[in-house]
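Enquirer: Please find one structure pasted underneath; my questions will follow.
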Amino acid sequence: MSDDKVKSAARAFEILEYFRLSRQPRSMSEIATALGYPLSSSTVLLKTLVKLGYLNYERRARVYFPTTKVTGLGEWIPRTLFGSGQVLDAMKDVHAATGEGVFLGAKNDVYLQYIQTMPSIHALRFHIEESTIRPITQSVAGLVLLATLPADKLENTVRRANIATSRTGDRVKLADVVEKVEEIRRQGYGYVENIPFDGGATFAMMLPVLVQGQPIVLAIGGVADRFRKNHDRYLQALRKAVRSVRTDPDFDQPVQIEL
């Protein structure tokens, strides 16, 4: 391994250790100054950590913060993210009611990131690793998050998400996204089949709380045939779980995420 790779690896851990000590979102310039790194290499390294799912980038404030993928570096991260535990209780409630896979999703630049997951108890199921990221257009949870954006920001995000989507066939048309987003806004929830897995289905709804200043989605996913048979019951369970979370006083208006 070259000296440059060793140095980059060491700096990646130093950045995560820096967050363990500061426990606050930080900008690229703040991180570079605190650690004595050149701005150019800091930019590349931070973008790499976002792409790998270790850091979340909030474009409006231009700040970074660790994801739950690095919780092994400090128990304070889950407590900071989930506060009183109401959100995790909501996950447990809908999991107990359906037995399906349950996850929390958050916007991470042009990606959806699964920040917390609970596996399905059914024999036939799909598995998603915690902290996995995928382009935000490739999941109904991502589409629910896109529904919080005004038209110009939505178009910009879809365009950049298509650039980040490696398979040409998975890139989406803006008109199709707009149509689905409008449906989500009318219904108050999202439902799709065969995205991101063939034969799978997912319900997703916004939670009335923010995580590090960003909206989060509660979703359940599993085999499409099972979801069709239990459509109303699953939707009712999800709605009940969302209502059980105390409304954040700063969340009484639709969230507008500046990019």
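Ordered as shown in the structure tokens, chains take letters A, B, and onward, while each chain numbers its residues from 1 and ligands are numbered from 1 in the order shown.
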Write out as a PyMOL selection string which residues come within 6 Å of region 99-102 of chain A when counting only C-alpha atoms, dropping same-chain ones fewer than 2 positions away.
Expert: chain A and resi 95-96+117-121+219-222
Enquirer: Give me, as a ChimeraX atom specification, all polymer residues having an atom no more than 12 Å from region 122-129 of chain A, counting only C-alpha atoms and skipping those fewer than 4 positions away in the same chain.
Expert: /A:53,68-69,95-96,98-105,113-118,133-134,194-202,220-227
Enquirer: Which polymer residues have any atom within 6 Å of an atom of region 27-31 of chain A, counting only C-alpha atoms, with same-chain residues fewer than 3 positions away left out, as JSON, numbers by chain?
Expert: {"A": [34, 62, 63]}
Enquirer: Mind giving me the straight-line distance from CA of Arg171 (chain A) to CA of Tyr64 (chain A) in Å, one decimal?
Expert: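 So the answer is 26.8 Å.
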Enquirer: Nearest to Val87 (chain A): which of A:Leu45, A:Leu143, A:Ala106, A:Ile216 is it, counting only C-alpha atoms?
Expert: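 Ranking A:Leu45, A:Leu143, A:Ala106, A:Ile216 by distance to Val87 (chain A), first place goes to A:Ile216.
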